[in-house]
Amino acid sequence: MQSESIAYLFFAKSLTNMSSTAVQCAYIGLGAMGKSMAGHIARKITSLNYPPLLVYNRTQARAEDFQKENPQISKAASSLEEIAKKADIIFSCLLNDAAVQETVKALKPHLKSGAILVESSTIAPAIAQDLAKQLKEKDVTYIACPVMGPPVKAASGDLTVLMAGGNPETREKVKSLLIPVIGKKAIELGMDDVAESLRLKLCGNYYITGLVELIAEGMTLGEAAGVGQQHVKELLDCVFPNTLLGVYAGRMLNNTYRDQVAFSMSAAKKDVNHIMEMAKDVKASVPITEVFLDHLNQVQAEQGDLDLSAVVGKLRQKAGLDFDLKKQ
Ligand SMILES: NC(=O)c1ccc[n+]([C@@H]2O[C@H](COP(=O)([O-])OP(=O)(O)OC[C@H]3O[C@@H](n4cnc5c(N)ncnc54)[C@H](OP(=O)(O)O)[C@@H]3O)[C@@H](O)[C@H]2O)c1
C-alpha cells in the first residue's frame, strides 16, 4: 500500500477517535511568537468542539492575560504538572535550549502515555534529538516544529512551519491543527529524526542573518559613495520588490533598530551560534555568518541589545560615518 494511503487511513481513524473523545490541547510559552500561535490554535480547536486551550507561561500573569483576551476558548493553567496531566497535545514555543530542557524536565514525570509534544522553539538539533529520545521512553511523541517568520507573521497566521518526527498518524493530527492555522505552508521532513527540521530552520536563519550583513554593507557602500542610503533602498525595492531586503533596508534607513526590536541581537546570536556549531560539525564554511557575528558582537558590546539591523551602524562607523544615519 502507498505510504500516502496508510497515512490517510491513520488520519481517518484518528478523526473518528477525536470525535468520540475530547482532545485536550495546551500551549506553553506565550512570548512574542507563542501568544499569537496559541490564539490561532485556540480558535481552531474551538471550531472542532475541543475543550478550551490550556495555556501556561513561566510568568503566570501572561497566561492570565491570555485567558482574559481569549475568554471561553482558553484557560490558564497554574503549573506544568497540570498541563502534563491533562493535555493530549502540547504545543510550546520558548526562548532557548535551557528553557525547553527545563520545561520538558518538569513535564516528563506527569505526561500521559500517548501524548504529543509539538515543540516550536529554535534550539540545537542535538537537544531536540535527546528530548525526543527521553520522551519516547514515556510513549510520548516529540514533533520538532520550528517556524520561519517574525511575530507580525505569527499574528497574521502566515508562518512557514517545518516539521520533523512523529508517525503518519501523529503527523496528520498535528498538521491539521497547524495548517492553515498558524501558517499556510508546512515543509515536511523525515519522521525518524526530529533534528531535520531544526537543521533546516538554522539554514533559514543563516539566510536571514547573512542577508542583514549583506544589506548593511550595501547600504553603507552607497552612503559612503555619496549615493545615499535612501536611493539604495529604492533600488532594492525596484529590483527585489516585496522581499526582506526592503524590510531590513527600511529598518537601517530609518534607524528603527533602537525602538523597534523585531529580532533582537541576543536572539540572533543564539541562532548564529547554533548555525556555526552545525557548520563545524559537517565541515561547511559560513564566512558571512562569522563576519555578521563579529559586527553584532561589537554593536551589542557598545550599544546594548538592539534589533539585529543595527549592525549597519558598525559598518557606517568603519566607513568614517556616524553610527546612526543622519535624517535628511
Ligand atoms: N521572534 C522571532 O522573530 C522568532 C521567529 C521565529 C522563531 N523564533 C523562536 O521562537 C522562540 C520564542 O521566541 P519569542 O520571540 O517568542 O521569544 P520571547 O518573546 O522572548 O518569549 C520567550 C518565552 O519563553 C519563556 N521562557 C524564557 N525562559 C524560560 C525558562 N527558563 N523556562 C520557561 N520558560 C521560559 C518566556 O516566559 P516569560 O514570559 O516568563 O519570560 C516566554 O514565554 C525562540 O526559540 C525563537 O528563536 C522567534
# chains A, B, ... in the order shown; residues from 1 in each chain; ligands from 1
>>> residues_around(residues="Asn57 in chain A", least_positions_apart="5", cutoff="7 Å", atoms="only C-alpha atoms", output="list in words")
Ile28, Gly29, Leu30, Arg62 and Ala63 of chain A
>>> closest_atom_pairs(of="chain A", to="ligand 1", cutoff="9 Å", atoms="only C-alpha atoms and all ligand atoms", output="tab-separated table")
residue	atom	partner	partner_atom_place_in_ligand_line	distance
A:Ile28	CA	ligand 1	43 (O)	7.2
A:Gly29	CA	ligand 1	43 (O)	3.6
A:Leu30	CA	ligand 1	43 (O)	4.3
A:Gly31	CA	ligand 1	21 (O)	3.4
A:Ala32	CA	ligand 1	19 (O)	3.8
A:Met33	CA	ligand 1	16 (O)	3.7
A:Gly34	CA	ligand 1	16 (O)	5.4
A:Lys35	CA	ligand 1	16 (O)	7.7
A:Tyr56	CA	ligand 1	43 (O)	8.5
A:Asn57	CA	ligand 1	43 (O)	5.4
A:Arg58	CA	ligand 1	40 (O)	3.9
A:Thr59	CA	ligand 1	40 (O)	3.7
A:Gln60	CA	ligand 1	40 (O)	7.3
A:Ala61	CA	ligand 1	39 (O)	8.4
A:Arg62	CA	ligand 1	39 (O)	6.4
A:Ala63	CA	ligand 1	39 (O)	8.8
A:Ser92	CA	ligand 1	11 (C)	8.8
A:Cys93	CA	ligand 1	11 (C)	5.1
A:Leu94	CA	ligand 1	24 (O)	3.6
A:Leu95	CA	ligand 1	24 (O)	4.0
A:Asn96	CA	ligand 1	45 (O)	4.9
A:Asp97	CA	ligand 1	45 (O)	7.8
A:Ala98	CA	ligand 1	31 (N)	5.9
A:Ala99	CA	ligand 1	30 (C)	3.7
A:Val100	CA	ligand 1	32 (N)	6.8
A:Gln101	CA	ligand 1	32 (N)	8.3
A:Glu102	CA	ligand 1	32 (N)	6.0
A:Thr103	CA	ligand 1	33 (C)	5.9
A:Ser120	CA	ligand 1	10 (O)	6.5
A:Ser121	CA	ligand 1	45 (O)	3.6
A:Thr122	CA	ligand 1	45 (O)	3.9
A:Ile123	CA	ligand 1	45 (O)	6.2
A:Pro146	CA	ligand 1	7 (C)	6.7
A:Val147	CA	ligand 1	6 (C)	5.3
A:Met148	CA	ligand 1	6 (C)	5.0
A:Gly149	CA	ligand 1	5 (C)	5.1
A:Pro150	CA	ligand 1	3 (O)	3.7
A:Pro151	CA	ligand 1	3 (O)	5.4
A:Val152	CA	ligand 1	3 (O)	8.3
A:Lys153	CA	ligand 1	5 (C)	8.9
A:Ala154	CA	ligand 1	5 (C)	8.2
A:Leu159	CA	ligand 1	6 (C)	8.5
A:Lys201	CA	ligand 1	7 (C)	8.7
A:Asn205	CA	ligand 1	6 (C)	8.9
A:Ala262	CA	ligand 1	3 (O)	6.2
A:Phe263	CA	ligand 1	3 (O)	5.1
A:Ser264	CA	ligand 1	1 (N)	7.9
A:Ala267	CA	ligand 1	47 (O)	6.0
A:Ala268	CA	ligand 1	47 (O)	7.7
A:Lys270	CA	ligand 1	47 (O)	7.7
A:Asp271	CA	ligand 1	47 (O)	6.8
>>> closest_residue(among="A:Leu117, A:Ile127, A:Val161, A:Val312", to="Tyr142 in chain A", atoms="only C-alpha atoms")
A:Leu117
>>> residues_around(residues="Leu221 in chain A", least_positions_apart="6", cutoff="12 Å", atoms="only C-alpha atoms", output="list in words")
Leu214, Ile215, Val227, Gly228, Gln229, His231, Val232, Val312, Leu315, Arg316, Gln317, Lys318, Ala319, Gly320 and Leu321 of chain A
>>> atom_distance(atom1="CA of Lys314 in chain A", atom2="CA of Gln230 in chain A")
18.2 Å
>>> select_by_dssp(residues="range 22-249 of chain A", states="strand (DSSP E or B)", output="CSV table (one decimal) with N, CA and C atoms, in the first residue's frame")
chain,number,residue,atom,x,y,z
A,25,CYS,N,-5.9,20.2,24.2
A,25,CYS,CA,-4.7,20.8,23.7
A,25,CYS,C,-4.2,21.8,24.7
A,26,ALA,N,-2.9,22.0,24.7
A,26,ALA,CA,-2.3,23.0,25.6
A,26,ALA,C,-1.2,23.8,24.9
A,27,TYR,N,-0.9,25.0,25.4
A,27,TYR,CA,0.2,25.8,24.8
A,27,TYR,C,1.1,26.3,25.9
A,28,ILE,N,2.4,26.1,25.8
A,28,ILE,CA,3.4,26.6,26.8
A,28,ILE,C,4.3,27.6,26.1
A,53,LEU,N,-8.3,25.8,25.1
A,53,LEU,CA,-6.8,25.6,25.1
A,53,LEU,C,-6.3,25.9,26.5
A,54,LEU,N,-5.6,24.9,27.1
A,54,LEU,CA,-4.9,25.2,28.4
A,54,LEU,C,-3.7,26.0,28.1
A,55,VAL,N,-3.4,27.1,28.8
A,55,VAL,CA,-2.2,27.8,28.5
A,55,VAL,C,-1.3,28.0,29.7
A,56,TYR,N,0.0,27.9,29.5
A,56,TYR,CA,0.9,28.1,30.6
A,56,TYR,C,2.1,29.0,30.2
A,74,SER,N,-9.9,29.7,26.0
A,74,SER,CA,-8.6,29.3,26.6
A,74,SER,C,-8.8,29.3,28.1
A,75,LYS,N,-7.9,28.6,28.8
A,75,LYS,CA,-7.9,28.5,30.3
A,75,LYS,C,-6.5,28.5,30.8
A,76,ALA,N,-6.2,29.4,31.7
A,76,ALA,CA,-4.8,29.4,32.2
A,76,ALA,C,-4.6,28.3,33.2
A,89,ILE,N,-2.3,16.9,23.5
A,89,ILE,CA,-1.3,17.5,22.5
A,89,ILE,C,-0.8,18.8,23.2
A,90,ILE,N,0.5,18.9,23.3
A,90,ILE,CA,1.1,20.1,24.0
A,90,ILE,C,1.9,20.8,22.9
A,91,PHE,N,1.6,22.1,22.7
A,91,PHE,CA,2.5,22.9,21.8
A,91,PHE,C,3.4,23.8,22.7
A,92,SER,N,4.6,24.1,22.2
A,92,SER,CA,5.4,25.0,23.0
A,92,SER,C,6.3,25.9,22.1
A,116,ILE,N,1.4,14.0,22.8
A,116,ILE,CA,2.3,14.5,21.7
A,116,ILE,C,2.8,15.9,22.1
A,117,LEU,N,4.1,16.1,22.0
A,117,LEU,CA,4.7,17.4,22.3
A,117,LEU,C,5.1,18.0,20.9
A,118,VAL,N,4.6,19.2,20.6
A,118,VAL,CA,4.9,19.9,19.3
A,118,VAL,C,5.7,21.1,19.7
A,119,GLU,N,7.0,21.0,19.5
A,119,GLU,CA,8.0,22.0,20.0
A,119,GLU,C,8.4,22.9,18.9
A,141,THR,N,5.2,11.3,21.9
A,141,THR,CA,5.8,11.6,20.6
A,141,THR,C,6.3,13.1,20.6
A,142,TYR,N,7.5,13.3,20.2
A,142,TYR,CA,8.1,14.7,20.1
A,142,TYR,C,8.1,15.0,18.6
A,143,ILE,N,7.4,16.1,18.2
A,143,ILE,CA,7.5,16.6,16.9
A,143,ILE,C,8.2,18.0,16.9
A,144,ALA,N,9.3,18.0,16.2
A,144,ALA,CA,10.1,19.3,16.2
A,144,ALA,C,9.5,20.2,15.1
A,147,VAL,N,9.5,27.4,13.4
A,147,VAL,CA,8.7,28.2,12.4
A,147,VAL,C,9.6,29.3,11.9
A,148,MET,N,9.3,29.7,10.6
A,148,MET,CA,10.0,30.8,10.0
A,148,MET,C,9.1,31.9,9.9
A,159,LEU,N,3.1,32.0,9.1
A,159,LEU,CA,4.4,31.4,9.3
A,159,LEU,C,4.6,30.3,8.4
A,160,THR,N,5.9,30.0,8.1
A,160,THR,CA,6.2,28.7,7.4
A,160,THR,C,6.6,27.7,8.5
A,161,VAL,N,6.0,26.6,8.5
A,161,VAL,CA,6.1,25.6,9.6
A,161,VAL,C,7.0,24.4,9.1
A,162,LEU,N,8.0,24.1,9.8
A,162,LEU,CA,8.9,23.0,9.4
A,162,LEU,C,8.6,21.8,10.4
A,163,MET,N,8.4,20.6,9.8
A,163,MET,CA,8.0,19.5,10.7
A,163,MET,C,8.9,18.3,10.5
A,164,ALA,N,9.4,17.8,11.7
A,164,ALA,CA,10.1,16.5,11.6
A,164,ALA,C,9.7,15.7,12.9
A,183,GLY,N,0.1,28.9,9.9
A,183,GLY,CA,0.8,29.1,8.7
A,183,GLY,C,0.1,28.5,7.5
A,184,LYS,N,0.5,28.9,6.3
A,184,LYS,CA,-0.2,28.4,5.1
A,184,LYS,C,0.5,27.2,4.6
A,185,LYS,N,1.8,27.1,5.0
A,185,LYS,CA,2.6,26.0,4.4
A,185,LYS,C,3.4,25.3,5.4
A,186,ALA,N,3.5,24.0,5.3
A,186,ALA,CA,4.4,23.2,6.2
A,186,ALA,C,5.4,22.5,5.2
A,187,ILE,N,6.7,22.6,5.6
A,187,ILE,CA,7.7,21.8,4.9
A,187,ILE,C,7.9,20.6,5.8
A,188,GLU,N,7.5,19.5,5.2
A,188,GLU,CA,7.6,18.2,6.0
A,188,GLU,C,8.9,17.5,5.7
>>> select_by_dssp(residues="range 22-247 of chain A", states="helix (DSSP H, G or I)", output="short mmCIF file (atom, residue, chain, number, x, y, z; two decimals) with N, CA and C atoms, in the first residue's frame")
data_model
loop_
_atom_site.label_atom_id
_atom_site.label_comp_id
_atom_site.auth_asym_id
_atom_site.auth_seq_id
_atom_site.Cartn_x
_atom_site.Cartn_y
_atom_site.Cartn_z
N GLY A 34 4.70 32.86 20.65
CA GLY A 34 3.77 31.88 21.20
C GLY A 34 2.37 32.41 21.40
N LYS A 35 2.24 33.67 21.84
CA LYS A 35 0.88 34.15 22.15
C LYS A 35 0.01 34.20 20.89
N SER A 36 0.60 34.56 19.76
CA SER A 36 -0.20 34.59 18.52
C SER A 36 -0.52 33.18 18.04
N MET A 37 0.49 32.30 18.10
CA MET A 37 0.24 30.92 17.64
C MET A 37 -0.83 30.28 18.53
N ALA A 38 -0.73 30.52 19.83
CA ALA A 38 -1.71 29.94 20.77
C ALA A 38 -3.11 30.46 20.45
N GLY A 39 -3.22 31.74 20.12
CA GLY A 39 -4.53 32.32 19.79
C GLY A 39 -5.14 31.64 18.58
N HIS A 40 -4.33 31.44 17.54
CA HIS A 40 -4.85 30.78 16.32
C HIS A 40 -5.28 29.35 16.64
N ILE A 41 -4.45 28.65 17.42
CA ILE A 41 -4.77 27.24 17.75
C ILE A 41 -6.03 27.18 18.62
N ALA A 42 -6.15 28.12 19.55
CA ALA A 42 -7.35 28.13 20.41
C ALA A 42 -8.62 28.28 19.56
N ARG A 43 -8.56 29.15 18.55
CA ARG A 43 -9.76 29.34 17.70
C ARG A 43 -10.01 28.10 16.84
N LYS A 44 -8.93 27.49 16.36
CA LYS A 44 -9.08 26.29 15.53
C LYS A 44 -9.72 25.15 16.33
N ILE A 45 -9.21 24.91 17.55
CA ILE A 45 -9.74 23.75 18.31
C ILE A 45 -11.17 24.03 18.78
N THR A 46 -11.51 25.29 18.97
CA THR A 46 -12.90 25.62 19.32
C THR A 46 -13.82 25.23 18.16
N SER A 47 -13.34 25.48 16.93
CA SER A 47 -14.17 25.12 15.76
C SER A 47 -14.35 23.60 15.66
N GLN A 60 3.33 33.78 35.26
CA GLN A 60 1.91 33.37 35.28
C GLN A 60 0.98 34.46 34.75
N ALA A 61 1.33 35.73 35.00
CA ALA A 61 0.44 36.84 34.60
C ALA A 61 0.16 36.80 33.10
N ARG A 62 1.15 36.35 32.32
CA ARG A 62 0.94 36.30 30.87
C ARG A 62 -0.13 35.29 30.48
N ALA A 63 -0.20 34.18 31.22
CA ALA A 63 -1.23 33.17 30.93
C ALA A 63 -2.60 33.72 31.33
N GLU A 64 -2.63 34.44 32.47
CA GLU A 64 -3.92 35.01 32.90
C GLU A 64 -4.40 36.08 31.92
N ASP A 65 -3.45 36.92 31.46
CA ASP A 65 -3.82 37.94 30.46
C ASP A 65 -4.34 37.28 29.19
N PHE A 66 -3.68 36.19 28.79
CA PHE A 66 -4.10 35.49 27.57
C PHE A 66 -5.54 35.00 27.73
N GLN A 67 -5.83 34.43 28.89
CA GLN A 67 -7.20 33.93 29.13
C GLN A 67 -8.23 35.07 29.07
N LYS A 68 -7.83 36.24 29.64
CA LYS A 68 -8.75 37.39 29.60
C LYS A 68 -8.99 37.85 28.16
N GLU A 69 -7.90 37.81 27.35
CA GLU A 69 -8.02 38.27 25.96
C GLU A 69 -8.71 37.22 25.07
N LEU A 80 3.11 23.35 35.19
CA LEU A 80 3.42 22.43 34.09
C LEU A 80 2.88 21.04 34.41
N GLU A 81 2.83 20.72 35.69
CA GLU A 81 2.27 19.42 36.09
C GLU A 81 0.81 19.31 35.63
N GLU A 82 0.06 20.39 35.83
CA GLU A 82 -1.35 20.39 35.41
C GLU A 82 -1.44 20.17 33.90
N ILE A 83 -0.59 20.88 33.15
CA ILE A 83 -0.59 20.73 31.68
C ILE A 83 -0.31 19.28 31.32
N ALA A 84 0.74 18.72 31.92
CA ALA A 84 1.15 17.35 31.57
C ALA A 84 0.05 16.34 31.90
N LYS A 85 -0.60 16.52 33.04
CA LYS A 85 -1.62 15.54 33.45
C LYS A 85 -2.87 15.60 32.59
N LYS A 86 -3.18 16.81 32.07
CA LYS A 86 -4.45 16.97 31.34
C LYS A 86 -4.34 16.88 29.82
N ASP A 97 17.47 26.82 24.36
CA ASP A 97 17.70 25.41 24.72
C ASP A 97 17.35 25.15 26.19
N ALA A 98 17.87 26.02 27.07
CA ALA A 98 17.68 25.79 28.51
C ALA A 98 16.20 25.83 28.87
N ALA A 99 15.47 26.77 28.30
CA ALA A 99 14.04 26.90 28.62
C ALA A 99 13.29 25.63 28.20
N VAL A 100 13.63 25.10 27.03
CA VAL A 100 12.94 23.89 26.55
C VAL A 100 13.33 22.69 27.41
N GLN A 101 14.61 22.59 27.72
CA GLN A 101 15.07 21.45 28.54
C GLN A 101 14.41 21.47 29.93
N GLU A 102 14.39 22.67 30.55
CA GLU A 102 13.78 22.77 31.90
C GLU A 102 12.29 22.43 31.83
N THR A 103 11.63 22.91 30.79
CA THR A 103 10.19 22.67 30.66
C THR A 103 9.89 21.19 30.47
N VAL A 104 10.65 20.54 29.60
CA VAL A 104 10.40 19.11 29.36
C VAL A 104 10.71 18.31 30.63
N LYS A 105 11.75 18.74 31.35
CA LYS A 105 12.09 18.03 32.60
C LYS A 105 10.92 18.10 33.60
N ALA A 106 10.29 19.26 33.66
CA ALA A 106 9.16 19.42 34.60
C ALA A 106 7.91 18.67 34.13
N LEU A 107 7.72 18.60 32.81
CA LEU A 107 6.54 17.91 32.27
C LEU A 107 6.66 16.39 32.39
N LYS A 108 7.87 15.91 32.11
CA LYS A 108 8.11 14.48 31.85
C LYS A 108 7.49 13.51 32.86
N PRO A 109 7.66 13.71 34.16
CA PRO A 109 7.13 12.69 35.08
C PRO A 109 5.61 12.55 35.03
N HIS A 110 4.92 13.58 34.53
CA HIS A 110 3.45 13.61 34.63
C HIS A 110 2.75 13.41 33.29
N PRO A 125 19.81 21.21 17.24
CA PRO A 125 19.25 19.94 16.75
C PRO A 125 19.53 18.77 17.69
N ALA A 126 20.71 18.72 18.28
CA ALA A 126 21.06 17.59 19.16
C ALA A 126 20.20 17.57 20.42
N ILE A 127 19.81 18.74 20.88
CA ILE A 127 18.96 18.79 22.09
C ILE A 127 17.57 18.25 21.76
N ALA A 128 17.06 18.61 20.59
CA ALA A 128 15.75 18.07 20.19
C ALA A 128 15.82 16.54 20.10
N GLN A 129 16.92 16.04 19.54
CA GLN A 129 17.07 14.57 19.44
C GLN A 129 17.05 13.93 20.83
N ASP A 130 17.78 14.54 21.74
CA ASP A 130 17.85 13.98 23.10
C ASP A 130 16.48 14.00 23.77
N LEU A 131 15.76 15.11 23.62
CA LEU A 131 14.43 15.21 24.26
C LEU A 131 13.46 14.20 23.64
N ALA A 132 13.54 14.04 22.32
CA ALA A 132 12.65 13.08 21.65
C ALA A 132 12.91 11.66 22.17
N LYS A 133 14.19 11.38 22.38
CA LYS A 133 14.56 10.04 22.87
C LYS A 133 14.02 9.83 24.30
N GLN A 134 14.22 10.85 25.13
CA GLN A 134 13.72 10.75 26.52
C GLN A 134 12.21 10.53 26.56
N LEU A 135 11.49 11.28 25.70
CA LEU A 135 10.02 11.21 25.74
C LEU A 135 9.50 9.91 25.14
N LYS A 136 10.25 9.38 24.20
CA LYS A 136 9.83 8.10 23.58
C LYS A 136 9.74 7.01 24.66
N PRO A 151 7.26 37.90 14.54
CA PRO A 151 6.00 37.96 15.28
C PRO A 151 4.82 38.51 14.47
N VAL A 152 5.09 39.44 13.56
CA VAL A 152 3.98 40.01 12.77
C VAL A 152 3.35 38.93 11.86
N LYS A 153 4.18 38.00 11.40
CA LYS A 153 3.65 36.89 10.57
C LYS A 153 2.96 35.85 11.46
N ALA A 154 3.44 35.72 12.69
CA ALA A 154 2.75 34.81 13.63
C ALA A 154 1.35 35.37 13.89
N ALA A 155 1.25 36.69 14.04
CA ALA A 155 -0.04 37.32 14.32
C ALA A 155 -1.01 37.15 13.15
N PRO A 168 2.89 8.67 10.81
CA PRO A 168 1.85 9.22 9.93
C PRO A 168 0.61 9.71 10.69
N GLU A 169 0.22 8.97 11.75
CA GLU A 169 -0.99 9.35 12.49
C GLU A 169 -0.79 10.66 13.25
N THR A 170 0.29 10.73 14.05
CA THR A 170 0.51 11.95 14.86
C THR A 170 0.80 13.14 13.96
N ARG A 171 1.52 12.90 12.87
CA ARG A 171 1.87 13.99 11.95
C ARG A 171 0.61 14.63 11.37
N GLU A 172 -0.32 13.79 10.90
CA GLU A 172 -1.54 14.33 10.30
C GLU A 172 -2.39 15.04 11.34
N LYS A 173 -2.46 14.44 12.53
CA LYS A 173 -3.27 15.03 13.60
C LYS A 173 -2.75 16.44 13.92
N VAL A 174 -1.42 16.55 14.05
CA VAL A 174 -0.81 17.84 14.40
C VAL A 174 -0.91 18.82 13.24
N LYS A 175 -0.64 18.33 12.04
CA LYS A 175 -0.67 19.23 10.87
C LYS A 175 -2.05 19.85 10.70
N SER A 176 -3.10 19.06 10.98
CA SER A 176 -4.45 19.60 10.81
C SER A 176 -4.75 20.73 11.81
N LEU A 177 -3.95 20.81 12.88
CA LEU A 177 -4.16 21.90 13.86
C LEU A 177 -3.24 23.09 13.59
N LEU A 178 -2.31 22.91 12.65
CA LEU A 178 -1.34 23.99 12.38
C LEU A 178 -1.50 24.64 11.01
N ALA A 195 15.73 16.17 14.42
CA ALA A 195 16.71 17.24 14.20
C ALA A 195 16.60 17.85 12.81
N GLU A 196 15.99 17.12 11.88
CA GLU A 196 15.96 17.61 10.49
C GLU A 196 15.32 18.98 10.35
N SER A 197 14.19 19.19 11.05
CA SER A 197 13.51 20.48 10.89
C SER A 197 14.32 21.60 11.53
N LEU A 198 15.06 21.27 12.59
CA LEU A 198 15.89 22.30 13.23
C LEU A 198 17.09 22.65 12.36
N ARG A 199 17.62 21.65 11.68
CA ARG A 199 18.74 21.94 10.77
C ARG A 199 18.26 22.85 9.65
N LEU A 200 17.05 22.58 9.13
CA LEU A 200 16.53 23.43 8.06
C LEU A 200 16.24 24.84 8.59
N LYS A 201 15.73 24.91 9.82
CA LYS A 201 15.47 26.23 10.44
C LYS A 201 16.78 27.03 10.53
N LEU A 202 17.85 26.34 10.91
CA LEU A 202 19.14 27.04 11.01
C LEU A 202 19.63 27.49 9.63
N CYS A 203 19.35 26.69 8.59
CA CYS A 203 19.67 27.15 7.22
C CYS A 203 18.87 28.42 6.92
N GLY A 204 17.61 28.43 7.34
CA GLY A 204 16.77 29.62 7.12
C GLY A 204 17.35 30.83 7.82
N ASN A 205 17.76 30.66 9.07
CA ASN A 205 18.30 31.80 9.81
C ASN A 205 19.70 32.17 9.33
N TYR A 206 20.39 31.22 8.70
CA TYR A 206 21.66 31.55 8.03
C TYR A 206 21.36 32.62 6.96
N TYR A 207 20.28 32.40 6.19
CA TYR A 207 19.94 33.36 5.14
C TYR A 207 19.53 34.70 5.73
N ILE A 208 18.72 34.68 6.79
CA ILE A 208 18.25 35.96 7.36
C ILE A 208 19.44 36.78 7.88
N THR A 209 20.29 36.14 8.69
CA THR A 209 21.39 36.89 9.28
C THR A 209 22.41 37.31 8.22
N GLY A 210 22.66 36.42 7.26
CA GLY A 210 23.59 36.76 6.18
C GLY A 210 23.06 37.91 5.33
N LEU A 211 21.74 37.88 5.11
CA LEU A 211 21.10 38.93 4.32
C LEU A 211 21.23 40.29 5.02
N VAL A 212 21.09 40.27 6.33
CA VAL A 212 21.21 41.53 7.09
C VAL A 212 22.62 42.10 6.92
N GLU A 213 23.62 41.22 7.01
CA GLU A 213 25.00 41.67 6.81
C GLU A 213 25.17 42.26 5.40
N LEU A 214 24.65 41.55 4.41
CA LEU A 214 24.77 41.98 3.01
C LEU A 214 24.10 43.35 2.79
N ILE A 215 22.91 43.51 3.34
CA ILE A 215 22.18 44.78 3.15
C ILE A 215 22.93 45.91 3.87
N ALA A 216 23.42 45.61 5.08
CA ALA A 216 24.14 46.64 5.85
C ALA A 216 25.38 47.10 5.08
N GLU A 217 26.10 46.15 4.50
CA GLU A 217 27.30 46.51 3.74
C GLU A 217 26.94 47.35 2.51
N GLY A 218 25.90 46.92 1.79
CA GLY A 218 25.50 47.63 0.56
C GLY A 218 24.96 49.02 0.84
N MET A 219 24.17 49.14 1.92
CA MET A 219 23.62 50.45 2.30
C MET A 219 24.77 51.41 2.65
N THR A 220 25.75 50.88 3.37
CA THR A 220 26.89 51.71 3.78
C THR A 220 27.74 52.09 2.56
N LEU A 221 27.93 51.12 1.66
CA LEU A 221 28.69 51.41 0.44
C LEU A 221 28.05 52.57 -0.31
N GLY A 222 26.73 52.50 -0.46
CA GLY A 222 26.02 53.56 -1.18
C GLY A 222 26.14 54.91 -0.47
N GLU A 223 26.02 54.88 0.86
CA GLU A 223 26.10 56.13 1.63
C GLU A 223 27.50 56.74 1.53
N ALA A 224 28.52 55.87 1.73
CA ALA A 224 29.90 56.37 1.70
C ALA A 224 30.27 56.88 0.31
N GLN A 229 21.70 56.32 1.25
CA GLN A 229 21.06 55.03 1.57
C GLN A 229 19.61 54.97 1.09
N GLN A 230 18.94 56.12 1.02
CA GLN A 230 17.54 56.08 0.58
C GLN A 230 17.46 55.61 -0.87
N HIS A 231 18.50 55.96 -1.68
CA HIS A 231 18.48 55.51 -3.07
C HIS A 231 18.83 54.03 -3.18
N VAL A 232 19.68 53.56 -2.25
CA VAL A 232 19.99 52.12 -2.26
C VAL A 232 18.71 51.35 -1.93
N LYS A 233 17.96 51.82 -0.94
CA LYS A 233 16.70 51.13 -0.58
C LYS A 233 15.72 51.17 -1.76
N GLU A 234 15.64 52.35 -2.41
CA GLU A 234 14.73 52.48 -3.55
C GLU A 234 15.08 51.46 -4.63
N LEU A 235 16.39 51.31 -4.85
CA LEU A 235 16.87 50.35 -5.85
C LEU A 235 16.47 48.92 -5.45
N LEU A 236 16.68 48.58 -4.16
CA LEU A 236 16.33 47.23 -3.70
C LEU A 236 14.84 46.97 -3.88
N ASP A 237 14.02 48.00 -3.56
CA ASP A 237 12.57 47.84 -3.70
C ASP A 237 12.15 47.61 -5.15
N CYS A 238 12.90 48.23 -6.10
CA CYS A 238 12.55 48.06 -7.52
C CYS A 238 13.02 46.71 -8.04
N VAL A 239 14.25 46.34 -7.67
CA VAL A 239 14.83 45.12 -8.25
C VAL A 239 14.32 43.86 -7.54
N LEU A 244 12.45 40.61 2.01
CA LEU A 244 13.09 41.02 3.26
C LEU A 244 14.20 42.05 3.03
N LEU A 245 14.71 42.12 1.81
CA LEU A 245 15.76 43.12 1.54
C LEU A 245 15.22 44.52 1.85
N GLY A 246 14.02 44.79 1.35
CA GLY A 246 13.41 46.10 1.58
C GLY A 246 13.05 46.31 3.05
N VAL A 247 12.61 45.24 3.72
CA VAL A 247 12.23 45.34 5.13
C VAL A 247 13.44 45.75 5.97
#
>>> atom_distance(atom1="CA of Leu325 in chain A", atom2="CA of Glu302 in chain A")
16.9 Å
>>> atom_distance(atom1="CA of Asp307 in chain A", atom2="CA of His274 in chain A")
18.9 Å
